[in-house]
>>> print(open('input23.csv').read())   # CSV, N, CA and C atoms
chain,number,residue,atom,x,y,z
A,1,MET,N,52.0,-13.5,0.0
A,1,MET,CA,52.4,-12.7,1.2
A,1,MET,C,52.1,-13.6,2.4
A,2,GLU,N,53.1,-13.8,3.2
A,2,GLU,CA,53.0,-14.6,4.4
A,2,GLU,C,52.8,-13.7,5.6
A,3,GLY,N,52.6,-14.2,6.8
A,3,GLY,CA,52.3,-13.5,8.0
A,3,GLY,C,53.1,-12.3,8.2
A,4,GLY,N,52.5,-11.1,8.3
A,4,GLY,CA,53.3,-9.9,8.6
A,4,GLY,C,53.9,-9.2,7.4
A,5,GLU,N,53.9,-9.8,6.3
A,5,GLU,CA,54.5,-9.2,5.1
A,5,GLU,C,53.5,-8.3,4.4
A,6,HIS,N,53.9,-7.1,4.0
A,6,HIS,CA,53.0,-6.2,3.2
A,6,HIS,C,53.7,-5.8,2.0
A,7,GLN,N,52.9,-5.6,0.9
A,7,GLN,CA,53.5,-5.1,-0.3
A,7,GLN,C,53.6,-3.5,-0.2
A,8,MET,N,54.7,-3.0,-0.6
A,8,MET,CA,54.9,-1.6,-0.5
A,8,MET,C,54.1,-0.9,-1.6
A,9,PRO,N,53.5,0.2,-1.3
A,9,PRO,CA,52.8,0.9,-2.4
A,9,PRO,C,53.8,1.5,-3.4
A,10,GLY,N,53.4,1.6,-4.6
A,10,GLY,CA,54.3,2.2,-5.6
A,10,GLY,C,53.4,2.8,-6.7
A,11,VAL,N,54.0,3.8,-7.4
A,11,VAL,CA,53.3,4.4,-8.5
A,11,VAL,C,54.2,4.5,-9.7
A,12,ARG,N,53.6,4.4,-10.8
A,12,ARG,CA,54.4,4.5,-12.1
A,12,ARG,C,54.1,6.0,-12.6
A,13,VAL,N,55.2,6.6,-12.9
A,13,VAL,CA,55.0,8.0,-13.5
A,13,VAL,C,54.5,7.9,-14.9
A,14,LYS,N,53.3,8.5,-15.1
A,14,LYS,CA,52.7,8.4,-16.4
A,14,LYS,C,53.4,9.4,-17.4
A,15,ASP,N,53.2,9.1,-18.7
A,15,ASP,CA,53.8,10.0,-19.7
A,15,ASP,C,53.2,11.4,-19.5
A,16,GLY,N,54.1,12.4,-19.5
A,16,GLY,CA,53.7,13.8,-19.3
A,16,GLY,C,53.3,14.2,-17.9
A,17,GLU,N,53.4,13.3,-17.0
A,17,GLU,CA,53.1,13.6,-15.6
A,17,GLU,C,54.3,14.2,-14.9
A,18,SER,N,54.1,15.2,-14.1
A,18,SER,CA,55.2,15.8,-13.4
A,18,SER,C,55.6,14.9,-12.2
A,19,PHE,N,56.8,15.0,-11.8
A,19,PHE,CA,57.3,14.3,-10.6
A,19,PHE,C,56.5,14.6,-9.4
A,20,GLU,N,56.2,15.9,-9.2
A,20,GLU,CA,55.5,16.3,-8.0
A,20,GLU,C,54.1,15.7,-7.9
A,21,ARG,N,53.5,15.6,-9.0
A,21,ARG,CA,52.1,14.9,-9.1
A,21,ARG,C,52.2,13.4,-8.7
A,22,ALA,N,53.3,12.8,-9.2
A,22,ALA,CA,53.5,11.3,-8.9
A,22,ALA,C,53.8,11.2,-7.5
A,23,LEU,N,54.6,12.1,-6.9
A,23,LEU,CA,55.0,12.0,-5.5
A,23,LEU,C,53.8,12.2,-4.6
A,24,ARG,N,52.9,13.1,-5.0
A,24,ARG,CA,51.6,13.3,-4.3
A,24,ARG,C,50.8,12.1,-4.3
A,25,ARG,N,50.7,11.4,-5.4
A,25,ARG,CA,49.9,10.1,-5.5
A,25,ARG,C,50.6,9.1,-4.6
A,26,PHE,N,51.9,9.0,-4.6
A,26,PHE,CA,52.6,8.0,-3.8
A,26,PHE,C,52.3,8.3,-2.3
A,27,LYS,N,52.4,9.6,-1.9
A,27,LYS,CA,52.1,9.9,-0.5
A,27,LYS,C,50.7,9.5,-0.1
A,28,LYS,N,49.8,9.8,-1.0
A,28,LYS,CA,48.4,9.4,-0.7
A,28,LYS,C,48.2,7.9,-0.5
A,29,ARG,N,48.9,7.1,-1.4
A,29,ARG,CA,48.8,5.7,-1.2
A,29,ARG,C,49.4,5.2,0.1
A,30,CYS,N,50.5,5.8,0.5
A,30,CYS,CA,51.2,5.5,1.7
A,30,CYS,C,50.3,5.8,2.9
A,31,GLU,N,49.6,6.9,2.8
A,31,GLU,CA,48.7,7.3,3.9
A,31,GLU,C,47.5,6.3,4.0
A,32,LYS,N,47.0,5.9,2.8
A,32,LYS,CA,45.9,5.0,2.8
A,32,LYS,C,46.3,3.6,3.4
A,33,ALA,N,47.5,3.2,3.1
A,33,ALA,CA,48.0,1.9,3.5
A,33,ALA,C,48.4,1.9,5.0
A,34,GLY,N,48.4,3.1,5.6
A,34,GLY,CA,48.7,3.3,7.1
A,34,GLY,C,50.2,3.1,7.4
A,35,ILE,N,51.1,3.3,6.5
A,35,ILE,CA,52.5,3.1,6.7
A,35,ILE,C,53.0,4.1,7.7
A,36,LEU,N,52.7,5.4,7.5
A,36,LEU,CA,53.3,6.4,8.4
A,36,LEU,C,52.8,6.3,9.8
A,37,SER,N,51.5,6.0,10.0
A,37,SER,CA,50.9,5.8,11.4
A,37,SER,C,51.6,4.6,12.0
A,38,ASP,N,51.8,3.5,11.3
A,38,ASP,CA,52.4,2.3,11.8
A,38,ASP,C,53.9,2.6,12.2
A,39,LEU,N,54.5,3.4,11.4
A,39,LEU,CA,55.9,3.8,11.7
A,39,LEU,C,56.0,4.6,12.9
A,40,ARG,N,55.1,5.6,13.1
A,40,ARG,CA,55.1,6.4,14.3
A,40,ARG,C,54.8,5.5,15.6
A,41,LYS,N,53.9,4.6,15.4
A,41,LYS,CA,53.5,3.7,16.5
A,41,LYS,C,54.7,2.8,16.9
A,42,HIS,N,55.5,2.4,16.0
A,42,HIS,CA,56.6,1.5,16.3
A,42,HIS,C,57.9,2.2,16.4
A,43,SER,N,57.9,3.5,16.5
A,43,SER,CA,59.2,4.2,16.5
A,43,SER,C,59.9,4.0,17.9
A,44,HIS,N,59.2,3.7,18.9
A,44,HIS,CA,59.8,3.4,20.2
A,44,HIS,C,58.9,2.5,21.0
A,45,PHE,N,59.5,1.8,22.0
A,45,PHE,CA,58.7,0.8,22.8
A,45,PHE,C,57.8,1.6,23.7
A,46,GLU,N,56.6,1.1,23.7
A,46,GLU,CA,55.6,1.7,24.6
A,46,GLU,C,55.2,0.6,25.6
A,47,LYS,N,55.4,1.0,26.9
A,47,LYS,CA,55.0,0.0,28.0
A,47,LYS,C,53.5,-0.2,28.0
A,48,PRO,N,53.1,-1.4,28.4
A,48,PRO,CA,51.7,-1.7,28.4
A,48,PRO,C,50.9,-0.7,29.3
A,49,SER,N,51.4,-0.2,30.3
A,49,SER,CA,50.7,0.8,31.1
A,49,SER,C,50.6,2.1,30.4
A,50,GLU,N,51.6,2.5,29.6
A,50,GLU,CA,51.5,3.7,28.7
A,50,GLU,C,50.4,3.5,27.7
A,51,ARG,N,50.4,2.3,27.1
A,51,ARG,CA,49.4,2.0,26.0
A,51,ARG,C,48.0,2.1,26.6
A,52,ARG,N,47.8,1.6,27.8
A,52,ARG,CA,46.4,1.7,28.4
A,52,ARG,C,46.1,3.1,28.7
A,53,LYS,N,47.0,3.9,29.2
A,53,LYS,CA,46.8,5.3,29.5
A,53,LYS,C,46.5,6.1,28.2
A,54,ARG,N,47.2,5.8,27.1
A,54,ARG,CA,46.9,6.5,25.9
A,54,ARG,C,45.5,6.1,25.3
A,55,LYS,N,45.2,4.9,25.4
A,55,LYS,CA,43.9,4.5,24.9
A,55,LYS,C,42.7,5.0,25.8
A,56,ARG,N,43.0,5.1,27.1
A,56,ARG,CA,42.0,5.6,28.0
A,56,ARG,C,41.7,7.1,27.7
A,57,SER,N,42.8,7.9,27.4
A,57,SER,CA,42.7,9.3,27.2
A,57,SER,C,42.0,9.5,25.8
A,58,ALA,N,42.3,8.6,24.8
A,58,ALA,CA,41.7,8.7,23.5
A,58,ALA,C,40.2,8.5,23.6
A,59,ALA,N,39.8,7.5,24.4
A,59,ALA,CA,38.4,7.2,24.6
A,59,ALA,C,37.7,8.4,25.3
A,60,LYS,N,38.4,9.0,26.3
A,60,LYS,CA,37.8,10.2,26.9
A,60,LYS,C,37.6,11.3,25.9
A,61,ARG,N,38.6,11.6,25.1
A,61,ARG,CA,38.4,12.6,24.0
A,61,ARG,C,37.3,12.3,23.1
A,62,LYS,N,37.2,11.1,22.7
A,62,LYS,CA,36.1,10.7,21.8
A,62,LYS,C,34.8,10.9,22.4
A,63,LEU,N,34.6,10.5,23.7
A,63,LEU,CA,33.4,10.6,24.4
A,63,LEU,C,33.0,12.1,24.5
A,64,ARG,N,34.0,12.9,24.9
A,64,ARG,CA,33.8,14.4,25.0
A,64,ARG,C,33.3,15.0,23.7
A,65,LYS,N,34.0,14.6,22.6
A,65,LYS,CA,33.6,15.1,21.3
A,65,LYS,C,32.2,14.7,20.9
A,66,LEU,N,31.8,13.4,21.2
A,66,LEU,CA,30.5,13.0,20.9
A,66,LEU,C,29.4,13.7,21.7
A,67,LYS,N,29.7,14.0,23.0
A,67,LYS,CA,28.8,14.8,23.9
A,67,LYS,C,28.6,16.2,23.3
A,68,ILE,N,29.7,16.8,22.9
A,68,ILE,CA,29.6,18.1,22.3
A,68,ILE,C,28.8,18.1,21.1
A,69,LYS,N,29.0,17.1,20.2
A,69,LYS,CA,28.2,17.0,19.0
A,69,LYS,C,26.8,16.8,19.2
A,70,GLN,N,26.4,16.0,20.2
A,70,GLN,CA,25.0,15.7,20.5
A,70,GLN,C,24.3,17.0,21.1
A,71,SER,N,25.1,17.7,21.9
A,71,SER,CA,24.5,18.9,22.5
A,71,SER,C,24.2,20.0,21.5
A,72,LYS,N,25.0,20.0,20.4
A,72,LYS,CA,24.8,21.0,19.4
A,72,LYS,C,23.6,20.7,18.5
A,73,THR,N,23.3,19.4,18.3
A,73,THR,CA,22.2,19.0,17.5
A,73,THR,C,20.9,19.2,18.2
A,74,ARG,N,20.8,19.4,19.5
A,74,ARG,CA,19.6,19.5,20.2
A,74,ARG,C,19.1,21.0,20.2
>>> encode(input="input23.csv", output="structure tokens")
Amino acid sequence: MEGGEHQMPGVRVKDGESFERALRRFKKRCEKAGILSDLRKHSHFEKPSERRKRKRSAAKRKLRKLKIKQSKTR
């Protein structure tokens, strides 16, 4: 695999395994590989200012959540 190439997750349906169960395993592998989050992230162009704003608000949420968690443990 060269720069930027990733192997797609795949599953083999085992003998006697239902399609739904195999599909569930495939979805779980896709989630672990981060395919869906990457797809959402690249679904449209995000200006650098928007990216900074999103990261800043995420940091604020994380800090607020941490403060709440610390106040509950005291």
>>> closest_residue(input="input23.csv", among="A:Lys72, A:His42, A:Lys60, A:Arg29", to="Met8 of chain A", atoms="all atoms listed in the file")
A:Arg29
>>> atom_distance(input="input23.csv", atom1="atom CA of Ala33 of chain A", atom2="atom CA of Arg12 of chain A")
17.1 Å
>>> atom_distance(input="input23.csv", atom1="atom C of Ser37 of chain A", atom2="atom CA of Lys53 of chain A")
18.2 Å
>>> closest_residue(input="input23.csv", among="A:Ala59, A:Pro9, A:Lys67, A:Asp15", to="Gly34 of chain A", atoms="only C-alpha atoms")
A:Pro9
>>> select_by_dssp(input="input23.csv", residues="chain A", states="alpha helix (DSSP H)", output="JSON, numbers by chain")
{"A": [19, 20, 21, 22, 23, 24, 25, 26, 27, 28, 29, 30, 31, 32, 33, 35, 36, 37, 38, 39, 40, 41, 48, 49, 50, 51, 52, 53, 54, 55, 56, 57, 58, 59, 60, 61, 62, 63, 64, 65, 66, 67, 68, 69, 70, 71, 72, 73]}
>>> atom_distance(input="input23.csv", atom1="atom CA of Gln7 of chain A", atom2="atom N of Leu36 of chain A")
13.1 Å
>>> closest_residue(input="input23.csv", among="A:Ala58, A:Gly10, A:Leu66, A:Ser43", to="Arg25 of chain A", atoms="all atoms listed in the file")
A:Gly10
